[in-house]
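One structure is given here, and the rest of the page talks about it.
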Amino acid sequence: MDRRRGWVIGRIAGAPVVLQPSALIMVVVLTILFVPTVRSMSPELGPQAVAGSLVLVVMLMVSVFLHEVAHAFAARSRGMTVHELALTFWGGHTAYSDLRTTPGTAAFIAVVGPATNLVLAVLAWVGYLLQPDASNLALLFYVTAFANAAVAVFNLLPGLPLDGGQITESAVWAATGSRLSGTRVAAWTGRLLAVALAAAAIVVPTLRGQQVQLLIVVWAGLIGSFMWTAASGALAQSRARARIDALDPRRLAVPAVAVPVEAPVSQVREVARGAQLGGIQAQVVLVDHGQAVGFVDDAALAAVPDAVAAATPAWQVMVALAPGAVVDGSLRGPAFHAAAIEASRRSPVFVVVDSGRVVGLLRAADVARAVHLD
């Protein structure tokens, strides 16, 4: 067991299926919550109502699992890479890359989950109606129909992080051309639903003249809290994604000029004095056979005595760059962001080149700062 993620119990759509320990806690809590429902449905069960409740919860978990499987195969069918299917305290989630997604693709991936549960609910209900008497098989069909219908209806609510919220996000995105606008609408709808869900646990039984159940209030509060947090997280992620889409290495990088690595310090100083690009002091990058190998340390450059500057090679005042610490200056948005992440694995500072010519020097911290401004 991976202590951080849980038990990997299989692979589907090329991705691990993870059962988190918190999912077992959810099974226990829901089993307790559903006991009164099972007793009202089948009074003859008596003490076995707990077992019946556990069956209901297991069927609910199976419904959630099939829901996530549908998401995974839908994502893979649209060229996405599926990273993980997980069963958690809050139900489940499917993680996949969405760099190439469109409103239509996002909506398709979102809707197949609830659609799968609706199909299963209808099939189970037909199976229930075909049973001649109130047998255990009839009860199993009934529970399966109920569980899948509940999963489908809940997930179609139009707020993030639910599938209905993703559909809402896609609709607004398609109408406005802005994914961020879609996320804002769906996230705020999700926050309103979170508050409504928590309030309903108190308001509904009160209006019916029934006693408010503390356990249900706590459970609804936990679900509402999760929905609020997840909606807020989706909004923050969408803002970061919008910043990634706007990334331009030419705007982020310090302008740079190239000088041969074997040039003397006196030449480097002369180039540096005249290297004003766009009103900004340019950085001197040292190259060897056309390849950037380092940049000049300004403090080390200033420390070289004038008397020996002409005899001191530039590499003696150089901060070396790791091989591959270069990004293509023609890249923009997610493509540049991915290239910057790859280059940052080699060096915290990397060179920006355009058509083989050095144009800038960029720090990984500046890219990260541009994405995460919150």
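Each chain in the structure tokens gets a letter, A, B and so on, in the order shown; residues start at 1 in every chain, and ligands are counted from 1 in the order they appear.
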
### Query
Val308 of chain A: which residues within 10 Å, counting only C-alpha atoms, same-chain residues fewer than 5 positions away excluded, as a PyMOL selection string?
chain A and resi 264-266+313

### Message
Just want the 12 Å neighbourhood of Ala152 of chain A, counted on only C-alpha atoms, with same-chain residues fewer than 2 positions away dropped. Output as an NGL selection string.
### Response
:A and (60 or 63-64 or 66-68 or 110-122 or 145-150 or 154-157 or 162-164)

### Task
Name the residues in contact with segment 197-207 of chain A at a cut-off of 6 Å, using only C-alpha atoms, excluding same-chain residues fewer than 3 positions from it; report them as a ChimeraX atom specification.
/A:193-194,210,212,217,220-221,224

Restricting the output to all heavy atoms, write the selected residues as a PDB file, in the first residue's frame.
ATOM      1  N   LEU A 193     -24.568  25.374  -4.225  1.00  0.00           N
ATOM      2  CA  LEU A 193     -25.096  24.038  -3.970  1.00  0.00           C
ATOM      3  C   LEU A 193     -24.540  23.469  -2.669  1.00  0.00           C
ATOM      4  O   LEU A 193     -25.257  22.777  -1.934  1.00  0.00           O
ATOM      5  CB  LEU A 193     -24.737  23.107  -5.135  1.00  0.00           C
ATOM      6  CG  LEU A 193     -25.515  23.299  -6.430  1.00  0.00           C
ATOM      7  CD1 LEU A 193     -24.913  22.452  -7.549  1.00  0.00           C
ATOM      8  CD2 LEU A 193     -26.980  22.935  -6.233  1.00  0.00           C
ATOM      9  N   ALA A 194     -23.273  23.764  -2.379  1.00  0.00           N
ATOM     10  CA  ALA A 194     -22.659  23.278  -1.136  1.00  0.00           C
ATOM     11  C   ALA A 194     -23.396  23.845   0.080  1.00  0.00           C
ATOM     12  O   ALA A 194     -23.701  23.113   1.030  1.00  0.00           O
ATOM     13  CB  ALA A 194     -21.186  23.683  -1.099  1.00  0.00           C
ATOM     14  N   GLN A 210     -40.209  16.931  11.410  1.00  0.00           N
ATOM     15  CA  GLN A 210     -39.438  15.776  11.863  1.00  0.00           C
ATOM     16  C   GLN A 210     -38.235  16.225  12.686  1.00  0.00           C
ATOM     17  O   GLN A 210     -37.838  17.394  12.646  1.00  0.00           O
ATOM     18  CB  GLN A 210     -38.964  14.956  10.654  1.00  0.00           C
ATOM     19  CG  GLN A 210     -40.106  14.417   9.797  1.00  0.00           C
ATOM     20  CD  GLN A 210     -39.604  13.788   8.511  1.00  0.00           C
ATOM     21  OE1 GLN A 210     -38.473  13.994   8.121  1.00  0.00           O
ATOM     22  NE2 GLN A 210     -40.466  13.019   7.854  1.00  0.00           N
ATOM     23  N   VAL A 212     -34.433  16.684  13.546  1.00  0.00           N
ATOM     24  CA  VAL A 212     -33.183  16.852  12.808  1.00  0.00           C
ATOM     25  C   VAL A 212     -32.173  15.817  13.306  1.00  0.00           C
ATOM     26  O   VAL A 212     -31.932  15.702  14.505  1.00  0.00           O
ATOM     27  CB  VAL A 212     -32.612  18.278  13.001  1.00  0.00           C
ATOM     28  CG1 VAL A 212     -31.247  18.406  12.329  1.00  0.00           C
ATOM     29  CG2 VAL A 212     -33.575  19.314  12.451  1.00  0.00           C
ATOM     30  N   VAL A 217     -26.779  15.825   9.535  1.00  0.00           N
ATOM     31  CA  VAL A 217     -26.308  17.213   9.462  1.00  0.00           C
ATOM     32  C   VAL A 217     -24.792  17.256   9.312  1.00  0.00           C
ATOM     33  O   VAL A 217     -24.243  18.003   8.489  1.00  0.00           O
ATOM     34  CB  VAL A 217     -26.749  18.000  10.714  1.00  0.00           C
ATOM     35  CG1 VAL A 217     -26.082  19.378  10.745  1.00  0.00           C
ATOM     36  CG2 VAL A 217     -28.268  18.159  10.742  1.00  0.00           C
ATOM     37  N   ALA A 220     -23.880  15.969   5.788  1.00  0.00           N
ATOM     38  CA  ALA A 220     -24.178  16.971   4.770  1.00  0.00           C
ATOM     39  C   ALA A 220     -23.194  18.137   4.860  1.00  0.00           C
ATOM     40  O   ALA A 220     -22.787  18.705   3.846  1.00  0.00           O
ATOM     41  CB  ALA A 220     -25.613  17.481   4.937  1.00  0.00           C
ATOM     42  N   GLY A 221     -22.810  18.482   6.108  1.00  0.00           N
ATOM     43  CA  GLY A 221     -21.835  19.558   6.284  1.00  0.00           C
ATOM     44  C   GLY A 221     -20.483  19.191   5.703  1.00  0.00           C
ATOM     45  O   GLY A 221     -19.822  20.017   5.079  1.00  0.00           O
ATOM     46  N   GLY A 224     -20.824  19.299   1.917  1.00  0.00           N
ATOM     47  CA  GLY A 224     -20.877  20.698   1.497  1.00  0.00           C
ATOM     48  C   GLY A 224     -19.516  21.365   1.589  1.00  0.00           C
ATOM     49  O   GLY A 224     -19.130  22.138   0.704  1.00  0.00           O
TER      50      GLY A 224
END

### Task
Work out how far apart atom CA of Ser347 of chain A and atom CA of Leu301 of chain A are and give it in Å to one decimal.
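Interatomic distance here is 21.5 Å.
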
### Task
Between atom CA of Gly329 of chain A and atom CA of Gly360 of chain A, measure the distance and give it in Å to one decimal.
8.4 Å

### Query
Just how far from atom CA of Leu56 of chain A is atom CA of Thr37 of chain A, in Å to one decimal?
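Spanning atom CA of Thr37 of chain A to atom CA of Leu56 of chain A is a straight-line distance of 10.0 Å.
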
### Task
Can you check which residues of segment 36-188 of chain A DSSP gives as alpha helix (DSSP H) on the backbone and send them as an NGL selection string?
:A and (36-41 or 49-77 or 103-129 or 136-155 or 163-176 or 179-188)

Residues from the last selection, C-alpha atoms, saved as an mmCIF file, in the first residue's frame:
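Heads up, here's the output in part34.cif:
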data_model
loop_
_atom_site.group_PDB
_atom_site.id
_atom_site.type_symbol
_atom_site.label_atom_id
_atom_site.label_comp_id
_atom_site.auth_asym_id
_atom_site.auth_seq_id
_atom_site.Cartn_x
_atom_site.Cartn_y
_atom_site.Cartn_z
ATOM 1 C CA PRO A 36 -33.185 3.326 8.837
ATOM 2 C CA THR A 37 -33.919 3.369 5.092
ATOM 3 C CA VAL A 38 -33.339 -0.376 4.779
ATOM 4 C CA ARG A 39 -35.543 -1.063 7.815
ATOM 5 C CA SER A 40 -38.378 0.942 6.290
ATOM 6 C CA MET A 41 -37.960 -0.887 2.944
ATOM 7 C CA ALA A 49 -30.889 -4.461 8.316
ATOM 8 C CA VAL A 50 -27.235 -3.571 8.925
ATOM 9 C CA ALA A 51 -26.166 -6.204 6.400
ATOM 10 C CA GLY A 52 -28.777 -4.908 3.990
ATOM 11 C CA SER A 53 -27.480 -1.390 4.461
ATOM 12 C CA LEU A 54 -23.940 -2.596 3.751
ATOM 13 C CA VAL A 55 -25.158 -4.191 0.506
ATOM 14 C CA LEU A 56 -26.723 -0.860 -0.476
ATOM 15 C CA VAL A 57 -23.456 0.980 0.199
ATOM 16 C CA VAL A 58 -21.405 -1.617 -1.711
ATOM 17 C CA MET A 59 -23.756 -1.229 -4.686
ATOM 18 C CA LEU A 60 -23.317 2.529 -4.385
ATOM 19 C CA MET A 61 -19.530 2.110 -4.477
ATOM 20 C CA VAL A 62 -19.816 -0.143 -7.528
ATOM 21 C CA SER A 63 -21.956 2.526 -9.188
ATOM 22 C CA VAL A 64 -19.346 5.181 -8.410
ATOM 23 C CA PHE A 65 -16.600 2.915 -9.748
ATOM 24 C CA LEU A 66 -18.408 2.265 -13.045
ATOM 25 C CA HIS A 67 -19.030 6.012 -13.265
ATOM 26 C CA GLU A 68 -15.268 6.661 -13.061
ATOM 27 C CA VAL A 69 -14.503 3.864 -15.528
ATOM 28 C CA ALA A 70 -16.788 5.580 -18.046
ATOM 29 C CA HIS A 71 -14.903 8.862 -17.544
ATOM 30 C CA ALA A 72 -11.563 7.084 -18.034
ATOM 31 C CA PHE A 73 -12.493 5.396 -21.308
ATOM 32 C CA ALA A 74 -14.152 8.568 -22.609
ATOM 33 C CA ALA A 75 -11.012 10.581 -21.851
ATOM 34 C CA ARG A 76 -8.775 8.009 -23.512
ATOM 35 C CA SER A 77 -11.044 7.894 -26.577
ATOM 36 C CA PRO A 103 -15.716 22.559 -24.606
ATOM 37 C CA GLY A 104 -17.235 19.663 -26.515
ATOM 38 C CA THR A 105 -14.625 17.165 -25.347
ATOM 39 C CA ALA A 106 -14.869 18.307 -21.730
ATOM 40 C CA ALA A 107 -18.664 18.051 -21.792
ATOM 41 C CA PHE A 108 -18.537 14.596 -23.404
ATOM 42 C CA ILE A 109 -16.115 13.235 -20.802
ATOM 43 C CA ALA A 110 -18.251 14.720 -18.008
ATOM 44 C CA VAL A 111 -21.628 13.470 -19.220
ATOM 45 C CA VAL A 112 -20.679 9.839 -19.851
ATOM 46 C CA GLY A 113 -20.332 9.183 -16.117
ATOM 47 C CA PRO A 114 -23.915 10.065 -15.127
ATOM 48 C CA ALA A 115 -25.185 8.603 -18.424
ATOM 49 C CA THR A 116 -23.615 5.257 -17.531
ATOM 50 C CA ASN A 117 -25.343 5.293 -14.153
ATOM 51 C CA LEU A 118 -28.697 6.192 -15.718
ATOM 52 C CA VAL A 119 -28.427 3.272 -18.140
ATOM 53 C CA LEU A 120 -27.560 0.908 -15.284
ATOM 54 C CA ALA A 121 -30.453 2.294 -13.221
ATOM 55 C CA VAL A 122 -32.933 1.646 -16.043
ATOM 56 C CA LEU A 123 -31.639 -1.886 -16.645
ATOM 57 C CA ALA A 124 -31.777 -2.684 -12.921
ATOM 58 C CA TRP A 125 -35.290 -1.246 -12.641
ATOM 59 C CA VAL A 126 -36.469 -3.408 -15.536
ATOM 60 C CA GLY A 127 -34.913 -6.397 -13.792
ATOM 61 C CA TYR A 128 -36.766 -5.471 -10.593
ATOM 62 C CA LEU A 129 -40.119 -5.174 -12.392
ATOM 63 C CA ASN A 136 -33.672 -11.147 -2.432
ATOM 64 C CA LEU A 137 -32.898 -10.863 -6.151
ATOM 65 C CA ALA A 138 -35.701 -8.313 -6.526
ATOM 66 C CA LEU A 139 -34.261 -6.320 -3.620
ATOM 67 C CA LEU A 140 -30.796 -6.451 -5.228
ATOM 68 C CA PHE A 141 -32.199 -5.081 -8.494
ATOM 69 C CA TYR A 142 -34.078 -2.387 -6.582
ATOM 70 C CA VAL A 143 -30.971 -1.338 -4.631
ATOM 71 C CA THR A 144 -28.886 -1.275 -7.827
ATOM 72 C CA ALA A 145 -31.429 0.942 -9.570
ATOM 73 C CA PHE A 146 -31.627 3.263 -6.574
ATOM 74 C CA ALA A 147 -27.855 3.518 -6.174
ATOM 75 C CA ASN A 148 -27.195 4.302 -9.835
ATOM 76 C CA ALA A 149 -30.056 6.780 -10.076
ATOM 77 C CA ALA A 150 -28.790 8.574 -6.967
ATOM 78 C CA VAL A 151 -25.233 8.781 -8.328
ATOM 79 C CA ALA A 152 -26.466 10.076 -11.696
ATOM 80 C CA VAL A 153 -28.847 12.719 -10.326
ATOM 81 C CA PHE A 154 -26.376 14.037 -7.758
ATOM 82 C CA ASN A 155 -23.563 14.273 -10.282
ATOM 83 C CA ASP A 163 -20.022 16.438 -13.609
ATOM 84 C CA GLY A 164 -22.974 18.763 -14.072
ATOM 85 C CA GLY A 165 -20.661 21.602 -13.090
ATOM 86 C CA GLN A 166 -18.194 20.558 -15.776
ATOM 87 C CA ILE A 167 -21.027 20.532 -18.298
ATOM 88 C CA THR A 168 -22.028 24.032 -17.128
ATOM 89 C CA GLU A 169 -18.401 25.138 -17.431
ATOM 90 C CA SER A 170 -18.223 23.762 -20.975
ATOM 91 C CA ALA A 171 -21.462 25.463 -22.017
ATOM 92 C CA VAL A 172 -20.334 28.889 -20.782
ATOM 93 C CA TRP A 173 -16.870 28.292 -22.245
ATOM 94 C CA ALA A 174 -18.382 27.520 -25.662
ATOM 95 C CA ALA A 175 -20.666 30.570 -25.480
ATOM 96 C CA THR A 176 -18.029 33.075 -24.332
ATOM 97 C CA ARG A 179 -12.776 28.699 -20.105
ATOM 98 C CA LEU A 180 -12.077 30.870 -17.073
ATOM 99 C CA SER A 181 -15.538 32.457 -17.385
ATOM 100 C CA GLY A 182 -17.084 28.991 -17.533
ATOM 101 C CA THR A 183 -15.188 27.898 -14.444
ATOM 102 C CA ARG A 184 -16.243 31.011 -12.537
ATOM 103 C CA VAL A 185 -19.933 30.360 -13.233
ATOM 104 C CA ALA A 186 -19.701 26.638 -12.445
ATOM 105 C CA ALA A 187 -17.563 27.198 -9.327
ATOM 106 C CA TRP A 188 -19.945 29.741 -7.822
#

### Message
With only C-alpha atoms as the counted atoms, please give the residues lying no more than 7 Å from Ala231 of chain A, apart from itself and same-chain residues fewer than 2 positions off, as a list in words.
### Response
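Contacts, with the query itself left out: Leu160, Pro161, Ala187, Gly190, Arg191, Met227, Trp228, Thr229, Gly233, Ala234 and Leu235 of chain A.
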
Could you please take those selected residues and save C-alpha atoms as an mmCIF file, in the first residue's frame?
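Written file, result-v3.cif:
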data_model
loop_
_atom_site.group_PDB
_atom_site.id
_atom_site.type_symbol
_atom_site.label_atom_id
_atom_site.label_comp_id
_atom_site.auth_asym_id
_atom_site.auth_seq_id
_atom_site.Cartn_x
_atom_site.Cartn_y
_atom_site.Cartn_z
ATOM 1 C CA LEU A 160 -18.299 22.132 -9.694
ATOM 2 C CA PRO A 161 -16.773 19.742 -8.768
ATOM 3 C CA ALA A 187 -17.563 27.198 -9.327
ATOM 4 C CA GLY A 190 -21.024 24.674 -6.852
ATOM 5 C CA ARG A 191 -20.505 26.898 -3.825
ATOM 6 C CA MET A 227 -17.837 20.789 -2.557
ATOM 7 C CA TRP A 228 -17.005 24.363 -1.533
ATOM 8 C CA THR A 229 -13.288 23.572 -1.247
ATOM 9 C CA GLY A 233 -9.738 24.782 -6.030
ATOM 10 C CA ALA A 234 -11.126 24.417 -9.548
ATOM 11 C CA LEU A 235 -11.408 28.193 -9.816
#

Selection near segment 332-346 of chain A, 7 Å with only C-alpha atoms, sequence-local residues under 4 positions removed, as a PDB file with all heavy atoms, in the first residue's frame:
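And here's selection.pdb as it stands now:
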ATOM      1  N   ILE A 244      -1.173  30.211 -17.772  1.00  0.00           N
ATOM      2  CA  ILE A 244      -0.316  29.354 -18.597  1.00  0.00           C
ATOM      3  C   ILE A 244      -0.577  29.615 -20.077  1.00  0.00           C
ATOM      4  O   ILE A 244       0.349  29.704 -20.886  1.00  0.00           O
ATOM      5  CB  ILE A 244      -0.543  27.870 -18.248  1.00  0.00           C
ATOM      6  CG1 ILE A 244       0.035  27.558 -16.858  1.00  0.00           C
ATOM      7  CG2 ILE A 244       0.092  26.956 -19.296  1.00  0.00           C
ATOM      8  CD1 ILE A 244      -0.256  26.156 -16.375  1.00  0.00           C
ATOM      9  N   ASP A 245      -1.856  29.756 -20.440  1.00  0.00           N
ATOM     10  CA  ASP A 245      -2.199  30.027 -21.840  1.00  0.00           C
ATOM     11  C   ASP A 245      -1.582  31.330 -22.334  1.00  0.00           C
ATOM     12  O   ASP A 245      -1.323  31.497 -23.529  1.00  0.00           O
ATOM     13  CB  ASP A 245      -3.720  30.094 -22.007  1.00  0.00           C
ATOM     14  CG  ASP A 245      -4.391  28.736 -21.842  1.00  0.00           C
ATOM     15  OD1 ASP A 245      -3.686  27.706 -21.972  1.00  0.00           O
ATOM     16  OD2 ASP A 245      -5.606  28.699 -21.575  1.00  0.00           O
ATOM     17  N   ALA A 246      -1.356  32.265 -21.410  1.00  0.00           N
ATOM     18  CA  ALA A 246      -0.828  33.574 -21.799  1.00  0.00           C
ATOM     19  C   ALA A 246       0.692  33.661 -21.706  1.00  0.00           C
ATOM     20  O   ALA A 246       1.266  34.720 -21.997  1.00  0.00           O
ATOM     21  CB  ALA A 246      -1.459  34.661 -20.925  1.00  0.00           C
ATOM     22  N   LEU A 247       1.359  32.591 -21.318  1.00  0.00           N
ATOM     23  CA  LEU A 247       2.806  32.635 -21.136  1.00  0.00           C
ATOM     24  C   LEU A 247       3.540  32.920 -22.451  1.00  0.00           C
ATOM     25  O   LEU A 247       3.216  32.344 -23.498  1.00  0.00           O
ATOM     26  CB  LEU A 247       3.322  31.320 -20.560  1.00  0.00           C
ATOM     27  CG  LEU A 247       3.045  31.058 -19.073  1.00  0.00           C
ATOM     28  CD1 LEU A 247       3.560  29.686 -18.678  1.00  0.00           C
ATOM     29  CD2 LEU A 247       3.668  32.133 -18.203  1.00  0.00           C
ATOM     30  N   ASP A 248       4.517  33.817 -22.371  1.00  0.00           N
ATOM     31  CA  ASP A 248       5.347  34.181 -23.520  1.00  0.00           C
ATOM     32  C   ASP A 248       6.785  34.325 -23.019  1.00  0.00           C
ATOM     33  O   ASP A 248       7.072  35.218 -22.211  1.00  0.00           O
ATOM     34  CB  ASP A 248       4.863  35.501 -24.123  1.00  0.00           C
ATOM     35  CG  ASP A 248       5.642  35.909 -25.366  1.00  0.00           C
ATOM     36  OD1 ASP A 248       6.748  35.392 -25.575  1.00  0.00           O
ATOM     37  OD2 ASP A 248       5.136  36.763 -26.117  1.00  0.00           O
ATOM     38  N   ALA A 322      23.544  23.531 -17.181  1.00  0.00           N
ATOM     39  CA  ALA A 322      23.497  22.098 -17.462  1.00  0.00           C
ATOM     40  C   ALA A 322      23.119  21.884 -18.929  1.00  0.00           C
ATOM     41  O   ALA A 322      22.379  22.685 -19.511  1.00  0.00           O
ATOM     42  CB  ALA A 322      22.474  21.423 -16.559  1.00  0.00           C
ATOM     43  N   GLY A 324      21.118  20.976 -22.054  1.00  0.00           N
ATOM     44  CA  GLY A 324      19.670  20.901 -22.245  1.00  0.00           C
ATOM     45  C   GLY A 324      18.887  21.986 -21.546  1.00  0.00           C
ATOM     46  O   GLY A 324      17.653  22.009 -21.623  1.00  0.00           O
ATOM     47  N   ALA A 325      19.574  22.899 -20.852  1.00  0.00           N
ATOM     48  CA  ALA A 325      18.875  23.987 -20.151  1.00  0.00           C
ATOM     49  C   ALA A 325      18.556  25.101 -21.140  1.00  0.00           C
ATOM     50  O   ALA A 325      18.998  26.241 -21.015  1.00  0.00           O
ATOM     51  CB  ALA A 325      19.727  24.508 -19.002  1.00  0.00           C
ATOM     52  N   VAL A 326      17.769  24.742 -22.147  1.00  0.00           N
ATOM     53  CA  VAL A 326      17.421  25.662 -23.235  1.00  0.00           C
ATOM     54  C   VAL A 326      15.951  25.467 -23.583  1.00  0.00           C
ATOM     55  O   VAL A 326      15.453  24.338 -23.592  1.00  0.00           O
ATOM     56  CB  VAL A 326      18.289  25.384 -24.488  1.00  0.00           C
ATOM     57  CG1 VAL A 326      17.863  26.282 -25.639  1.00  0.00           C
ATOM     58  CG2 VAL A 326      19.761  25.574 -24.183  1.00  0.00           C
ATOM     59  N   VAL A 327      15.242  26.571 -23.862  1.00  0.00           N
ATOM     60  CA  VAL A 327      13.861  26.486 -24.331  1.00  0.00           C
ATOM     61  C   VAL A 327      13.726  27.264 -25.629  1.00  0.00           C
ATOM     62  O   VAL A 327      14.437  28.252 -25.857  1.00  0.00           O
ATOM     63  CB  VAL A 327      12.854  27.004 -23.288  1.00  0.00           C
ATOM     64  CG1 VAL A 327      12.844  26.131 -22.060  1.00  0.00           C
ATOM     65  CG2 VAL A 327      13.139  28.447 -22.923  1.00  0.00           C
ATOM     66  N   PHE A 350      17.663  28.927 -17.377  1.00  0.00           N
ATOM     67  CA  PHE A 350      17.842  28.372 -18.717  1.00  0.00           C
ATOM     68  C   PHE A 350      17.801  29.470 -19.759  1.00  0.00           C
ATOM     69  O   PHE A 350      17.306  30.579 -19.520  1.00  0.00           O
ATOM     70  CB  PHE A 350      16.823  27.271 -19.026  1.00  0.00           C
ATOM     71  CG  PHE A 350      15.446  27.513 -18.484  1.00  0.00           C
ATOM     72  CD1 PHE A 350      14.482  28.200 -19.217  1.00  0.00           C
ATOM     73  CD2 PHE A 350      15.102  27.041 -17.221  1.00  0.00           C
ATOM     74  CE1 PHE A 350      13.224  28.400 -18.715  1.00  0.00           C
ATOM     75  CE2 PHE A 350      13.828  27.243 -16.711  1.00  0.00           C
ATOM     76  CZ  PHE A 350      12.881  27.934 -17.465  1.00  0.00           C
ATOM     77  N   ALA A 364      13.490  29.600 -13.682  1.00  0.00           N
ATOM     78  CA  ALA A 364      12.296  28.782 -13.454  1.00  0.00           C
ATOM     79  C   ALA A 364      11.375  29.431 -12.428  1.00  0.00           C
ATOM     80  O   ALA A 364      10.149  29.355 -12.538  1.00  0.00           O
ATOM     81  CB  ALA A 364      12.706  27.384 -12.994  1.00  0.00           C
TER      82      ALA A 364
END
